[in-house]
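For reference, coords-v4.pdb is printed below; it contains PDB, C-alpha atoms.
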ATOM      1  CA  MET A1127      85.197  94.625 228.070
ATOM      2  CA  ALA A1128      85.813  92.209 225.190
ATOM      3  CA  PHE A1129      89.526  92.944 225.547
ATOM      4  CA  THR A1130      89.652  91.852 229.178
ATOM      5  CA  VAL A1131      87.364  88.838 228.693
ATOM      6  CA  LEU A1132      89.587  87.453 225.932
ATOM      7  CA  GLN A1133      92.690  88.148 228.012
ATOM      8  CA  VAL A1134      91.210  86.251 230.948
ATOM      9  CA  ILE A1135      90.409  83.315 228.658
ATOM     10  CA  GLU A1136      93.880  83.349 227.122
ATOM     11  CA  VAL A1137      96.044  83.287 230.259
ATOM     12  CA  PRO A1138      94.829  79.908 231.682
ATOM     13  CA  LEU A1139      95.751  78.229 228.387
ATOM     14  CA  TYR A1140      99.402  78.577 229.420
ATOM     15  CA  PHE A1141      98.838  76.354 232.465
ATOM     16  CA  VAL A1142      96.545  73.534 231.341
ATOM     17  CA  HIS A1143      99.284  71.193 230.075
ATOM     18  CA  ASP A1144     102.410  69.759 231.689
ATOM     19  CA  GLY A1145     105.389  69.733 229.364
ATOM     20  CA  ALA A1146     105.046  70.558 225.688
ATOM     21  CA  PRO A1147     101.453  71.613 224.916
ATOM     22  CA  PRO A1148      99.682  70.472 221.733
ATOM     23  CA  ASP A1149      99.969  72.768 218.743
ATOM     24  CA  SER A1150      96.278  73.641 218.993
ATOM     25  CA  ASN A1151      96.787  75.068 222.486
ATOM     26  CA  VAL A1152      99.670  77.335 221.477
ATOM     27  CA  LEU A1153      98.053  78.541 218.269
ATOM     28  CA  THR A1154      94.711  79.185 219.996
ATOM     29  CA  ARG A1155      96.217  81.341 222.704
ATOM     30  CA  ILE A1156      98.194  83.249 220.078
ATOM     31  CA  MET A1157      95.065  83.773 217.977
ATOM     32  CA  LEU A1158      93.204  85.097 221.019
ATOM     33  CA  SER A1159      96.074  87.410 221.791
ATOM     34  CA  LEU A1160      96.075  88.821 218.257
ATOM     35  CA  VAL A1161      92.448  89.879 218.739
ATOM     36  CA  VAL A1162      93.251  91.237 222.216
ATOM     37  CA  LEU A1163      96.050  93.397 220.842
ATOM     38  CA  VAL A1164      93.849  94.833 218.103
ATOM     39  CA  LEU A1165      91.227  95.713 220.735
ATOM     40  CA  LEU A1166      93.953  97.344 222.833
ATOM     41  CA  LEU A1167      94.931  99.440 219.832
ATOM     42  CA  GLY A1168      91.358 100.670 219.568
ATOM     43  CA  PHE A1169      91.245 101.502 223.282
ATOM     44  CA  VAL A1170      94.460 103.518 223.360
ATOM     45  CA  THR A1171      93.506 105.375 220.181
ATOM     46  CA  GLY A1172      90.180 106.347 221.710
ATOM     47  CA  VAL A1173      91.762 107.426 224.995
ATOM     48  CA  ARG A1174      94.292 109.601 223.168
ATOM     49  CA  GLU A1175      91.505 111.410 221.303
ATOM     50  CA  LEU A1176      89.412 111.862 224.460
ATOM     51  CA  VAL A1177      92.367 113.331 226.336
ATOM     52  CA  ARG A1178      93.147 115.720 223.488
ATOM     53  CA  GLN A1179      89.542 116.914 223.411
ATOM     54  CA  ALA A1180      89.304 117.303 227.182
ATOM     55  CA  ASP A1181      92.655 119.056 227.680
ATOM     56  CA  PRO A1182      94.941 119.726 224.679
ATOM     57  CA  ALA A1183      97.804 120.505 227.075
ATOM     58  CA  CYS A1184      97.855 116.822 228.036
ATOM     59  CA  GLY A1185      98.148 115.740 224.430
ATOM     60  CA  TRP A1186     101.846 114.943 224.698
ATOM     61  CA  VAL A1187     101.234 112.585 227.632
ATOM     62  CA  ALA A1188      98.467 110.864 225.697
ATOM     63  CA  ASP A1189     100.865 110.521 222.764
ATOM     64  CA  LEU A1190     103.439 108.915 225.066
ATOM     65  CA  ALA A1191     100.865 106.391 226.286
ATOM     66  CA  TYR A1192      99.797 105.726 222.700
ATOM     67  CA  GLY A1193     103.398 105.263 221.550
ATOM     68  CA  ALA A1194     104.222 102.894 224.411
ATOM     69  CA  ALA A1195     101.107 100.848 223.649
ATOM     70  CA  LEU A1196     102.006 100.698 219.960
ATOM     71  CA  ALA A1197     105.517  99.521 220.806
ATOM     72  CA  TYR A1198     104.106  96.906 223.195
ATOM     73  CA  ILE A1199     101.700  95.651 220.534
ATOM     74  CA  ALA A1200     104.475  95.494 217.933
ATOM     75  CA  VAL A1201     106.955  93.543 220.080
ATOM     76  CA  THR A1202     104.205  91.159 221.210
ATOM     77  CA  PHE A1203     103.299  90.494 217.574
ATOM     78  CA  VAL A1204     106.954  89.645 216.933
ATOM     79  CA  ALA A1205     107.067  87.367 219.991
ATOM     80  CA  HIS A1206     103.895  85.607 218.830
ATOM     81  CA  SER A1207     105.444  85.110 215.401
ATOM     82  CA  LEU A1208     108.551  83.536 216.927
ATOM     83  CA  GLN A1209     106.545  81.139 219.067
ATOM     84  CA  ALA A1210     104.057  80.222 216.339
ATOM     85  CA  GLY A1211     106.941  79.604 213.938
ATOM     86  CA  GLU A1212     108.538  77.168 216.379
ATOM     87  CA  VAL A1213     105.283  75.244 216.734
ATOM     88  CA  ILE A1214     104.387  75.191 213.045
ATOM     89  CA  ALA A1215     107.862  74.071 211.951
ATOM     90  CA  ALA A1216     108.361  71.360 214.592
ATOM     91  CA  GLU A1217     107.382  67.786 213.734
ATOM     92  CA  GLU A1218     106.693  66.968 217.380
ATOM     93  CA  PRO A1219     104.965  69.143 220.022
ATOM     94  CA  VAL A1220     107.334  71.713 221.523
ATOM     95  CA  ASP A1221     107.017  74.259 224.294
ATOM     96  CA  PRO A1222     107.718  77.553 222.488
ATOM     97  CA  THR A1223     107.976  79.431 225.773
ATOM     98  CA  ILE A1224     111.310  77.578 226.117
ATOM     99  CA  THR A1225     112.436  76.860 222.563
ATOM    100  CA  ALA A1226     111.648  80.307 221.078
ATOM    101  CA  GLU A1227     114.553  81.993 222.832
ATOM    102  CA  GLY A1228     114.108  85.257 220.955
ATOM    103  CA  SER A1229     110.751  85.782 222.619
ATOM    104  CA  TYR A1230     112.038  85.717 226.210
ATOM    105  CA  LEU A1231     112.642  89.436 226.593
ATOM    106  CA  LEU A1232     109.823  90.462 224.262
ATOM    107  CA  TYR A1233     107.266  88.773 226.492
ATOM    108  CA  GLY A1234     109.265  89.499 229.637
ATOM    109  CA  SER A1235     111.436  92.500 230.481
ATOM    110  CA  ILE A1236     110.677  94.514 227.338
ATOM    111  CA  GLY A1237     106.960  93.911 227.675
ATOM    112  CA  ARG A1238     107.012  94.853 231.346
ATOM    113  CA  ILE A1239     108.827  98.159 230.891
ATOM    114  CA  LEU A1240     106.626  99.189 227.954
ATOM    115  CA  THR A1241     103.524  98.292 229.962
ATOM    116  CA  ALA A1242     104.796 100.428 232.838
ATOM    117  CA  VAL A1243     105.377 103.433 230.571
ATOM    118  CA  PHE A1244     101.913 103.039 229.063
ATOM    119  CA  LEU A1245     100.203 102.804 232.458
ATOM    120  CA  VAL A1246     102.018 105.772 233.992
ATOM    121  CA  ALA A1247     101.363 108.005 230.990
ATOM    122  CA  ALA A1248      97.767 106.879 230.465
ATOM    123  CA  GLY A1249      96.928 107.076 234.159
ATOM    124  CA  TYR A1250      98.324 110.586 234.433
ATOM    125  CA  ALA A1251      96.640 111.742 231.206
ATOM    126  CA  VAL A1252      93.109 110.552 232.005
ATOM    127  CA  VAL A1253      93.187 112.143 235.464
ATOM    128  CA  ARG A1254      95.035 115.355 234.602
ATOM    129  CA  SER A1255      92.675 115.984 231.682
ATOM    130  CA  GLY A1256      89.623 115.460 233.874
ATOM    131  CA  LEU A1257      88.409 112.286 232.199
ATOM    132  CA  LEU A1258      88.558 110.154 235.356
ATOM    133  CA  PHE A1259      89.085 110.493 239.084
ATOM    134  CA  ARG A1260      92.358 109.914 240.917
ATOM    135  CA  TRP A1261      91.773 106.191 241.382
ATOM    136  CA  ALA A1262      92.640 105.697 237.710
ATOM    137  CA  ALA A1263      96.093 107.206 238.129
ATOM    138  CA  ARG A1264      96.828 105.578 241.476
ATOM    139  CA  SER A1265      95.882 102.099 240.285
ATOM    140  CA  ALA A1266      97.845 102.611 237.056
ATOM    141  CA  TYR A1267     100.951 103.630 239.017
ATOM    142  CA  ALA A1268     100.624 100.620 241.326
ATOM    143  CA  ILE A1269     100.381  98.152 238.431
ATOM    144  CA  ALA A1270     103.234  99.960 236.675
ATOM    145  CA  LEU A1271     105.466  99.487 239.733
ATOM    146  CA  ILE A1272     104.660  95.776 239.784
ATOM    147  CA  ASN A1273     105.614  95.540 236.116
ATOM    148  CA  LEU A1274     108.868  97.419 236.709
ATOM    149  CA  ALA A1275     109.737  94.997 239.505
ATOM    150  CA  PHE A1276     109.826  92.219 236.901
ATOM    151  CA  VAL A1277     112.156  93.964 234.453
ATOM    152  CA  PRO A1278     115.266  92.461 236.203
ATOM    153  CA  SER A1279     113.818  88.959 235.681
ATOM    154  CA  LEU A1280     116.160  88.628 232.693
ATOM    155  CA  TYR A1281     118.938  87.808 235.180
ATOM    156  CA  PHE A1282     117.131  84.739 236.542
ATOM    157  CA  GLY A1283     117.354  82.170 233.784
ATOM    158  CA  ASN A1284     114.758  80.595 231.532
ATOM    159  CA  ASP A1285     112.897  78.188 233.787
ATOM    160  CA  THR A1286     109.231  78.615 232.880
ATOM    161  CA  GLY A1287     108.282  76.891 236.124
ATOM    162  CA  GLN A1288     109.718  79.780 238.123
ATOM    163  CA  PHE A1289     107.547  82.771 238.902
ATOM    164  CA  PHE A1290     110.430  85.224 238.493
ATOM    165  CA  SER A1291     112.571  84.359 235.472
ATOM    166  CA  ALA A1292     113.109  85.746 231.977
ATOM    167  CA  ASN A1293     110.254  83.626 230.622
ATOM    168  CA  GLY A1294     108.669  82.573 233.917
ATOM    169  CA  TRP A1295     104.929  82.206 234.353
ATOM    170  CA  GLY A1296     104.811  85.249 236.591
ATOM    171  CA  THR A1297     106.811  87.516 234.312
ATOM    172  CA  THR A1298     105.142  86.654 231.011
ATOM    173  CA  ALA A1299     101.614  85.555 231.898
ATOM    174  CA  THR A1300     100.338  86.539 235.336
ATOM    175  CA  ILE A1301     101.894  89.985 235.701
ATOM    176  CA  ALA A1302     101.449  90.665 232.002
ATOM    177  CA  SER A1303      97.677  90.373 232.357
ATOM    178  CA  LEU A1304      97.228  92.827 235.232
ATOM    179  CA  TYR A1305      96.948  95.875 233.009
ATOM    180  CA  ALA A1306      93.884  94.315 231.357
ATOM    181  CA  TYR A1307      91.869  94.860 234.524
ATOM    182  CA  TRP A1308      92.893  98.523 234.581
ATOM    183  CA  VAL A1309      91.781  98.870 230.954
ATOM    184  CA  LEU A1310      88.448  97.233 231.837
ATOM    185  CA  ALA A1311      87.825  99.556 234.789
ATOM    186  CA  CYS A1312      88.747 102.676 232.818
ATOM    187  CA  GLY A1313      86.758 101.553 229.799
ATOM    188  CA  ILE A1314      83.603 101.098 231.875
ATOM    189  CA  ALA A1315      84.136 104.445 233.619
ATOM    190  CA  LEU A1316      84.655 106.258 230.321
ATOM    191  CA  LEU A1317      81.533 104.708 228.830
ATOM    192  CA  ARG A1318      79.495 105.795 231.840
ATOM    193  CA  HIS A1319      80.834 109.320 231.703
ATOM    194  CA  ARG A1320      81.165 110.209 228.060
ATOM    195  CA  ASN A1321      81.108 113.940 228.710
ATOM    196  CA  ALA A1322      84.528 114.392 230.263
ATOM    197  CA  ARG A1323      84.024 118.013 231.282
ATOM    198  CA  HIS A1324      80.759 117.255 233.017
ATOM    199  CA  TYR A1325      82.368 114.300 234.820
ATOM    200  CA  ALA A1326      85.216 116.473 236.044
ATOM    201  CA  GLY A1327      82.716 119.117 237.132
ATOM    202  CA  ARG A1328      84.759 121.969 235.714
ATOM    203  CA  PRO A1329      83.060 125.366 235.702
ATOM    204  CA  GLY A1330      82.758 126.931 232.274
ATOM    205  CA  SER A1331      82.611 123.592 230.482
ATOM    206  CA  ALA A1332      80.025 122.906 227.807
ATOM    207  CA  SER A1333      78.036 120.751 230.207
ATOM    208  CA  GLU A1334      78.112 123.457 232.863
ATOM    209  CA  ASN A1335      76.862 126.061 230.391
ATOM    210  CA  ARG A1336      73.853 123.898 229.540
ATOM    211  CA  ARG A1337      72.698 123.730 233.138
TER     212      ARG A1337
END
So that I can check it, write out the structure of this file as structure tokens.
Amino acid sequence: MAFTVLQVIEVPLYFVHDGAPPDSNVLTRIMLSLVVLVLLLGFVTGVRELVRQADPACGWVADLAYGAALAYIAVTFVAHSLQAGEVIAAEEPVDPTITAEGSYLLYGSIGRILTAVFLVAAGYAVVRSGLLFRWAARSAYAIALINLAFVPSLYFGNDTGQFFSANGWGTTATIASLYAYWVLACGIALLRHRNARHYAGRPGSASENRR
């Protein structure tokens, strides 16, 4: 829940200033994102372990989701470093979403395809292993498709005012935050149903044997 709350707080910071934002704005949203990414790491690690315990045969899918999340976290850290470096080094306020050219694809197309891989693998793993019901997979696939639709945004320039561009507000902020709501929903569901076998209702499970 903390992950999604911080993500929701972070995204509006990209839209509160016209032109170059003050350094405090850029550095604050980056600081929030650093915490968000660490929380995401904890979530995906926990999900991988839960899937392995519930159904070892799904372990490879959980590993794929974990690997995609790790890659996403790593490239986002690099993108944050590029943008923060631009702001810290500049004598006057700059808009790093434009001036930090190396971050375009990291926040955009690369981030979107890694997010899609994570969602597809994680959605499949939590349902196939019996951790959650089918809504988790279906919603993950839908958000993954939306993310994949923005991978070609690299062909549409670097106008941050456009919704669909390499570093546009849709590609790097709005669409990039959708997966947070999926994480929130799954996190709440997993907390409510800690015994995965009992939740899936599988005969022969430990919970069934205790009945």
Kindly compute an axis-aligned box around the listed atoms of segment 1151-1167 of chain A, allowing 4 Å on each side, and express its centre and edge lengths in Å to one decimal as lines of an AutoDock Vina configuration file.
center_x = 95.4
center_y = 87.3
center_z = 220.4
size_x = 16.4
size_y = 32.4
size_z = 12.9
Run the PyMOL selection byres ((chain A and resi 1298) around 9) against the file shown and list the residues it catches, as a PyMOL selection string. chain A and resi 1230+1233-1235+1237-1238+1291-1297+1299-1303
As an exercise, work out the distance from atom CA of Leu1208 of chain A to atom CA of Ser1229 of chain A in Å and give it to one decimal place. 6.5 Å
Just the residues within 6 Å of segment 1247-1249 of chain A, please, counting only C-alpha atoms, with nothing from its chain fewer than 5 positions along; format it as a list of chain:residue names.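 Here the answer would be A:Val1187, A:Ala1191, A:Ala1262, A:Ala1263, A:Ala1266.
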I need the residue nearest Ser1150 of chain A from this list: A:Val1170, A:Ile1135, A:Leu1317, A:Ile1214. Use only C-alpha atoms for the distance.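 That would be A:Ile1214, the residue with the smallest distance to Ser1150 of chain A.
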Quick check on the file I pasted: which residues fall under the PyMOL selection byres ((chain A and resi 1165) around 12)? Write them as a list in words. Met1127, Ala1128, Phe1129, Thr1130, Val1131, Leu1132, Gln1133, Leu1158, Ser1159, Leu1160, Val1161, Val1162, Leu1163, Val1164, Leu1166, Leu1167, Gly1168, Phe1169, Val1170, Thr1171, Gly1172, Ala1195, Leu1196, Ile1199, Ala1306, Val1309, Leu1310 and Gly1313 of chain A
May I have the selected residues written with C-alpha atoms, as a PDB file, in the coordinates of the input?
ATOM      1  CA  MET A1127      85.197  94.625 228.070  1.00  0.00           C
ATOM      2  CA  ALA A1128      85.813  92.209 225.190  1.00  0.00           C
ATOM      3  CA  PHE A1129      89.526  92.944 225.547  1.00  0.00           C
ATOM      4  CA  THR A1130      89.652  91.852 229.178  1.00  0.00           C
ATOM      5  CA  VAL A1131      87.364  88.838 228.693  1.00  0.00           C
ATOM      6  CA  LEU A1132      89.587  87.453 225.932  1.00  0.00           C
ATOM      7  CA  GLN A1133      92.690  88.148 228.012  1.00  0.00           C
ATOM      8  CA  LEU A1158      93.204  85.097 221.019  1.00  0.00           C
ATOM      9  CA  SER A1159      96.074  87.410 221.791  1.00  0.00           C
ATOM     10  CA  LEU A1160      96.075  88.821 218.257  1.00  0.00           C
ATOM     11  CA  VAL A1161      92.448  89.879 218.739  1.00  0.00           C
ATOM     12  CA  VAL A1162      93.251  91.237 222.216  1.00  0.00           C
ATOM     13  CA  LEU A1163      96.050  93.397 220.842  1.00  0.00           C
ATOM     14  CA  VAL A1164      93.849  94.833 218.103  1.00  0.00           C
ATOM     15  CA  LEU A1166      93.953  97.344 222.833  1.00  0.00           C
ATOM     16  CA  LEU A1167      94.931  99.440 219.832  1.00  0.00           C
ATOM     17  CA  GLY A1168      91.358 100.670 219.568  1.00  0.00           C
ATOM     18  CA  PHE A1169      91.245 101.502 223.282  1.00  0.00           C
ATOM     19  CA  VAL A1170      94.460 103.518 223.360  1.00  0.00           C
ATOM     20  CA  THR A1171      93.506 105.375 220.181  1.00  0.00           C
ATOM     21  CA  GLY A1172      90.180 106.347 221.710  1.00  0.00           C
ATOM     22  CA  ALA A1195     101.107 100.848 223.649  1.00  0.00           C
ATOM     23  CA  LEU A1196     102.006 100.698 219.960  1.00  0.00           C
ATOM     24  CA  ILE A1199     101.700  95.651 220.534  1.00  0.00           C
ATOM     25  CA  ALA A1306      93.884  94.315 231.357  1.00  0.00           C
ATOM     26  CA  VAL A1309      91.781  98.870 230.954  1.00  0.00           C
ATOM     27  CA  LEU A1310      88.448  97.233 231.837  1.00  0.00           C
ATOM     28  CA  GLY A1313      86.758 101.553 229.799  1.00  0.00           C
TER      29      GLY A1313
END
Residues within 9 Å of Leu1139 of chain A, please, as a PyMOL selection string. Count only C-alpha atoms; anything in the same chain fewer than 5 positions from it doesn't count. chain A and resi 1151-1152+1154-1155
One-decimal distance in Å that lies between atom CA of Leu1153 of chain A and atom CA of Val1213 of chain A: 8.1 Å
Reconstructed segment 1229-1256 of chain A, atom set N, CA and C atoms, as a PDB file, keeping the file's coordinate frame:
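Contents of part24.pdb, as written:
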ATOM      1  N   SER A1229     111.962  85.168 222.058  1.00  0.00           N
ATOM      2  CA  SER A1229     110.751  85.782 222.619  1.00  0.00           C
ATOM      3  C   SER A1229     110.866  86.048 224.116  1.00  0.00           C
ATOM      4  N   TYR A1230     111.926  85.581 224.752  1.00  0.00           N
ATOM      5  CA  TYR A1230     112.038  85.717 226.210  1.00  0.00           C
ATOM      6  C   TYR A1230     111.855  87.166 226.669  1.00  0.00           C
ATOM      7  N   LEU A1231     112.687  88.047 226.138  1.00  0.00           N
ATOM      8  CA  LEU A1231     112.642  89.436 226.593  1.00  0.00           C
ATOM      9  C   LEU A1231     111.436  90.181 226.037  1.00  0.00           C
ATOM     10  N   LEU A1232     110.978  89.783 224.846  1.00  0.00           N
ATOM     11  CA  LEU A1232     109.823  90.462 224.262  1.00  0.00           C
ATOM     12  C   LEU A1232     108.590  90.266 225.132  1.00  0.00           C
ATOM     13  N   TYR A1233     108.375  89.035 225.585  1.00  0.00           N
ATOM     14  CA  TYR A1233     107.266  88.773 226.492  1.00  0.00           C
ATOM     15  C   TYR A1233     107.585  89.238 227.915  1.00  0.00           C
ATOM     16  N   GLY A1234     108.856  89.213 228.269  1.00  0.00           N
ATOM     17  CA  GLY A1234     109.265  89.499 229.637  1.00  0.00           C
ATOM     18  C   GLY A1234     109.655  90.933 229.891  1.00  0.00           C
ATOM     19  N   SER A1235     110.954  91.187 230.038  1.00  0.00           N
ATOM     20  CA  SER A1235     111.436  92.500 230.481  1.00  0.00           C
ATOM     21  C   SER A1235     111.006  93.641 229.576  1.00  0.00           C
ATOM     22  N   ILE A1236     111.077  93.444 228.257  1.00  0.00           N
ATOM     23  CA  ILE A1236     110.677  94.514 227.338  1.00  0.00           C
ATOM     24  C   ILE A1236     109.187  94.798 227.466  1.00  0.00           C
ATOM     25  N   GLY A1237     108.401  93.742 227.509  1.00  0.00           N
ATOM     26  CA  GLY A1237     106.960  93.911 227.675  1.00  0.00           C
ATOM     27  C   GLY A1237     106.598  94.597 228.971  1.00  0.00           C
ATOM     28  N   ARG A1238     107.337  94.264 230.053  1.00  0.00           N
ATOM     29  CA  ARG A1238     107.012  94.853 231.346  1.00  0.00           C
ATOM     30  C   ARG A1238     107.353  96.336 231.399  1.00  0.00           C
ATOM     31  N   ILE A1239     108.467  96.739 230.815  1.00  0.00           N
ATOM     32  CA  ILE A1239     108.827  98.159 230.891  1.00  0.00           C
ATOM     33  C   ILE A1239     107.930  98.996 229.980  1.00  0.00           C
ATOM     34  N   LEU A1240     107.542  98.457 228.828  1.00  0.00           N
ATOM     35  CA  LEU A1240     106.626  99.189 227.954  1.00  0.00           C
ATOM     36  C   LEU A1240     105.243  99.302 228.590  1.00  0.00           C
ATOM     37  N   THR A1241     104.806  98.244 229.256  1.00  0.00           N
ATOM     38  CA  THR A1241     103.524  98.292 229.962  1.00  0.00           C
ATOM     39  C   THR A1241     103.550  99.349 231.053  1.00  0.00           C
ATOM     40  N   ALA A1242     104.674  99.434 231.771  1.00  0.00           N
ATOM     41  CA  ALA A1242     104.796 100.428 232.838  1.00  0.00           C
ATOM     42  C   ALA A1242     104.723 101.850 232.282  1.00  0.00           C
ATOM     43  N   VAL A1243     105.417 102.102 231.181  1.00  0.00           N
ATOM     44  CA  VAL A1243     105.377 103.433 230.571  1.00  0.00           C
ATOM     45  C   VAL A1243     103.955 103.777 230.130  1.00  0.00           C
ATOM     46  N   PHE A1244     103.290 102.815 229.500  1.00  0.00           N
ATOM     47  CA  PHE A1244     101.913 103.039 229.063  1.00  0.00           C
ATOM     48  C   PHE A1244     101.007 103.377 230.237  1.00  0.00           C
ATOM     49  N   LEU A1245     101.090 102.601 231.320  1.00  0.00           N
ATOM     50  CA  LEU A1245     100.203 102.804 232.458  1.00  0.00           C
ATOM     51  C   LEU A1245     100.442 104.141 233.144  1.00  0.00           C
ATOM     52  N   VAL A1246     101.711 104.498 233.337  1.00  0.00           N
ATOM     53  CA  VAL A1246     102.018 105.772 233.992  1.00  0.00           C
ATOM     54  C   VAL A1246     101.501 106.937 233.156  1.00  0.00           C
ATOM     55  N   ALA A1247     101.791 106.909 231.860  1.00  0.00           N
ATOM     56  CA  ALA A1247     101.363 108.005 230.990  1.00  0.00           C
ATOM     57  C   ALA A1247      99.847 108.054 230.854  1.00  0.00           C
ATOM     58  N   ALA A1248      99.215 106.901 230.630  1.00  0.00           N
ATOM     59  CA  ALA A1248      97.767 106.879 230.465  1.00  0.00           C
ATOM     60  C   ALA A1248      97.055 107.258 231.758  1.00  0.00           C
ATOM     61  N   GLY A1249      97.541 106.742 232.881  1.00  0.00           N
ATOM     62  CA  GLY A1249      96.928 107.076 234.159  1.00  0.00           C
ATOM     63  C   GLY A1249      97.004 108.563 234.455  1.00  0.00           C
ATOM     64  N   TYR A1250      98.166 109.144 234.212  1.00  0.00           N
ATOM     65  CA  TYR A1250      98.324 110.586 234.433  1.00  0.00           C
ATOM     66  C   TYR A1250      97.425 111.382 233.488  1.00  0.00           C
ATOM     67  N   ALA A1251      97.386 110.985 232.210  1.00  0.00           N
ATOM     68  CA  ALA A1251      96.640 111.742 231.206  1.00  0.00           C
ATOM     69  C   ALA A1251      95.138 111.756 231.480  1.00  0.00           C
ATOM     70  N   VAL A1252      94.561 110.590 231.832  1.00  0.00           N
ATOM     71  CA  VAL A1252      93.109 110.552 232.005  1.00  0.00           C
ATOM     72  C   VAL A1252      92.667 111.295 233.251  1.00  0.00           C
ATOM     73  N   VAL A1253      93.544 111.405 234.252  1.00  0.00           N
ATOM     74  CA  VAL A1253      93.187 112.143 235.464  1.00  0.00           C
ATOM     75  C   VAL A1253      93.485 113.629 235.305  1.00  0.00           C
ATOM     76  N   ARG A1254      94.659 113.938 234.770  1.00  0.00           N
ATOM     77  CA  ARG A1254      95.035 115.355 234.602  1.00  0.00           C
ATOM     78  C   ARG A1254      94.090 116.078 233.649  1.00  0.00           C
ATOM     79  N   SER A1255      93.581 115.373 232.645  1.00  0.00           N
ATOM     80  CA  SER A1255      92.675 115.984 231.682  1.00  0.00           C
ATOM     81  C   SER A1255      91.239 116.059 232.183  1.00  0.00           C
ATOM     82  N   GLY A1256      90.964 115.435 233.309  1.00  0.00           N
ATOM     83  CA  GLY A1256      89.623 115.460 233.874  1.00  0.00           C
ATOM     84  C   GLY A1256      88.718 114.357 233.399  1.00  0.00           C
TER      85      GLY A1256
END
